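Below is one structure; the comments refer to it alone.
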Amino acid sequence: MYTQQNELKDNKVSTQLKLAALWTSFMFLYIYVDVFHLFMPGKLADIQNGRVFVFDITQGFLLAALASVSLPALMIALSVVLPAKINRCTNIMVATVYIPYSLFNLVGEAWMHMVLGAALEVGLLGLIIRYAWKWAKSETWD
């Protein structure tokens, strides 16, 4: 006789996978806020005229912009492949640096989508810090 069990089982997810998932969510928000920014009146014209906010669009600006998105993008993979002790410190440091960086995007003209995006980004970064900070030594520490 077949009996159906209605209990859901919580599968144990490693801290490394939680961190990678949080960085992935952060990156989606990070990118979408920038994409939605292009829909704001006059922003495409500013870009076509070679300006973003108060910055001229130069090779240096684009290199800095790529660098600013590369680190959190790399954190997705690094959260899974780095040894636990290095992983923990790296996640705490990078997330801590990106909190003010995410809030900097609210300087100047901040629309509601930018405020929501920054709040969600900071929330995710806070969770990254929390999970990394509370990482149990018994979980994967060698």
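The chains in the structure tokens are called A, B, ... from first to last as shown; in each chain the residues are counted from 1, and the ligands are counted from 1 in the order shown.
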
From a DSSP pass on the backbone, collect the residues of chain A flagged as strand (DSSP E or B) and hand them back as a list in words. Arg51, Val52, Phe55 and Asp56 of chain A

Wanna dump the stretch 7-49 of chain A-stretch 113-132 of chain A contacts at 8 Å for me, each residue with its shortest atom pair and the distance in Å to one decimal, counting only C-alpha atoms, ordered by chain and number, as JSON lines?
```
{"residue": "A:Thr15", "atom": "CA", "partner": "A:Tyr131", "partner_atom": "CA", "distance": 6.8}
{"residue": "A:Lys18", "atom": "CA", "partner": "A:Tyr131", "partner_atom": "CA", "distance": 7.9}
{"residue": "A:Leu19", "atom": "CA", "partner": "A:Ile128", "partner_atom": "CA", "distance": 6.0}
{"residue": "A:Leu22", "atom": "CA", "partner": "A:Leu124", "partner_atom": "CA", "distance": 6.2}
{"residue": "A:Trp23", "atom": "CA", "partner": "A:Ile128", "partner_atom": "CA", "distance": 7.8}
{"residue": "A:Ser25", "atom": "CA", "partner": "A:Leu124", "partner_atom": "CA", "distance": 7.7}
{"residue": "A:Phe26", "atom": "CA", "partner": "A:Glu121", "partner_atom": "CA", "distance": 5.7}
{"residue": "A:Leu29", "atom": "CA", "partner": "A:Gly117", "partner_atom": "CA", "distance": 6.4}
{"residue": "A:Tyr30", "atom": "CA", "partner": "A:Glu121", "partner_atom": "CA", "distance": 7.3}
{"residue": "A:Val33", "atom": "CA", "partner": "A:Gly117", "partner_atom": "CA", "distance": 6.2}
{"residue": "A:Phe36", "atom": "CA", "partner": "A:His113", "partner_atom": "CA", "distance": 8.0}
{"residue": "A:His37", "atom": "CA", "partner": "A:Met114", "partner_atom": "CA", "distance": 7.9}
```

Just list the residues in stretch 30-140 of chain A DSSP gives alpha helix (DSSP H) on the backbone, as JSON, numbers by chain. {"A": [30, 31, 32, 33, 34, 35, 36, 37, 43, 44, 45, 46, 47, 48, 59, 60, 61, 62, 63, 64, 65, 66, 67, 68, 69, 70, 71, 72, 73, 74, 75, 76, 77, 78, 79, 80, 81, 84, 85, 86, 87, 88, 89, 90, 91, 92, 93, 94, 95, 96, 97, 98, 99, 100, 101, 102, 103, 104, 112, 113, 114, 115, 116, 117, 118, 119, 120, 121, 122, 123, 124, 125, 126, 127, 128, 129, 130, 131, 132, 133, 137, 138, 139, 140]}

Selected residues, C-alpha atoms, written as a CSV table (one decimal), in the first residue's frame, please.
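This is the output file part_38.csv:
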```
chain,number,residue,atom,x,y,z
A,30,TYR,CA,22.8,45.1,-10.1
A,31,ILE,CA,22.4,44.6,-13.8
A,32,TYR,CA,18.7,45.1,-14.0
A,33,VAL,CA,18.9,48.4,-12.1
A,34,ASP,CA,21.4,49.6,-14.7
A,35,VAL,CA,19.3,48.4,-17.6
A,36,PHE,CA,16.2,50.1,-16.2
A,37,HIS,CA,18.2,53.3,-15.7
A,43,LYS,CA,19.8,58.9,-20.2
A,44,LEU,CA,20.4,57.4,-23.6
A,45,ALA,CA,21.0,60.9,-25.0
A,46,ASP,CA,23.6,61.5,-22.3
A,47,ILE,CA,25.3,58.2,-23.1
A,48,GLN,CA,25.3,59.1,-26.8
A,59,GLN,CA,38.3,53.8,-22.0
A,60,GLY,CA,39.3,54.3,-18.4
A,61,PHE,CA,35.6,54.8,-17.3
A,62,LEU,CA,34.6,51.6,-19.1
A,63,LEU,CA,37.5,49.7,-17.6
A,64,ALA,CA,36.5,50.9,-14.1
A,65,ALA,CA,32.8,50.0,-14.8
A,66,LEU,CA,33.8,46.5,-15.9
A,67,ALA,CA,36.0,46.1,-12.9
A,68,SER,CA,33.1,47.2,-10.6
A,69,VAL,CA,30.8,44.4,-11.9
A,70,SER,CA,33.5,41.8,-12.4
A,71,LEU,CA,34.3,41.3,-8.7
A,72,PRO,CA,30.7,40.4,-7.6
A,73,ALA,CA,30.3,38.3,-10.7
A,74,LEU,CA,33.5,36.4,-9.8
A,75,MET,CA,32.2,36.0,-6.3
A,76,ILE,CA,29.6,33.6,-7.6
A,77,ALA,CA,32.3,31.1,-8.6
A,78,LEU,CA,34.8,32.0,-5.9
A,79,SER,CA,32.1,31.3,-3.2
A,80,VAL,CA,32.1,27.7,-4.4
A,81,VAL,CA,35.7,27.1,-5.2
A,84,ALA,CA,36.5,27.8,3.5
A,85,LYS,CA,38.8,30.2,5.5
A,86,ILE,CA,39.7,32.3,2.6
A,87,ASN,CA,36.1,32.1,1.2
A,88,ARG,CA,34.7,33.4,4.5
A,89,CYS,CA,37.0,36.4,4.7
A,90,THR,CA,36.7,37.2,1.0
A,91,ASN,CA,32.9,37.2,1.2
A,92,ILE,CA,32.8,39.4,4.2
A,93,MET,CA,35.3,41.9,2.8
A,94,VAL,CA,33.8,42.1,-0.7
A,95,ALA,CA,30.2,42.4,0.6
A,96,THR,CA,31.3,45.1,3.0
A,97,VAL,CA,32.9,47.1,0.3
A,98,TYR,CA,29.9,46.8,-2.0
A,99,ILE,CA,27.4,48.2,0.5
A,100,PRO,CA,28.5,51.8,0.2
A,101,TYR,CA,29.1,51.2,-3.5
A,102,SER,CA,25.5,50.2,-4.0
A,103,LEU,CA,24.3,53.2,-2.0
A,104,PHE,CA,26.5,55.5,-4.1
A,112,MET,CA,12.1,54.7,-6.9
A,113,HIS,CA,13.4,51.7,-8.9
A,114,MET,CA,16.9,52.7,-7.9
A,115,VAL,CA,16.0,53.0,-4.2
A,116,LEU,CA,14.3,49.6,-4.2
A,117,GLY,CA,17.3,48.1,-6.1
A,118,ALA,CA,19.8,49.6,-3.6
A,119,ALA,CA,17.7,48.4,-0.6
A,120,LEU,CA,17.5,44.8,-2.0
A,121,GLU,CA,21.2,44.8,-3.0
A,122,VAL,CA,22.2,46.0,0.5
A,123,GLY,CA,19.9,43.3,2.0
A,124,LEU,CA,21.5,40.6,0.0
A,125,LEU,CA,25.0,41.9,0.9
A,126,GLY,CA,23.9,41.9,4.5
A,127,LEU,CA,22.9,38.2,4.2
A,128,ILE,CA,26.2,37.4,2.5
A,129,ILE,CA,28.0,38.9,5.5
A,130,ARG,CA,25.8,37.1,8.0
A,131,TYR,CA,26.1,33.7,6.3
A,132,ALA,CA,29.9,34.1,6.0
A,133,TRP,CA,30.3,35.4,9.5
A,137,LYS,CA,33.7,25.5,11.4
A,138,SER,CA,32.4,22.0,11.4
A,139,GLU,CA,30.7,22.5,8.0
A,140,THR,CA,33.7,22.5,5.6
```

For atom CA of A:Arg51 and atom CA of A:Met27, determine how far apart the two atoms are, in Å to one decimal place.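 Spanning atom CA of A:Arg51 to atom CA of A:Met27 is a straight-line distance of 23.7 Å.
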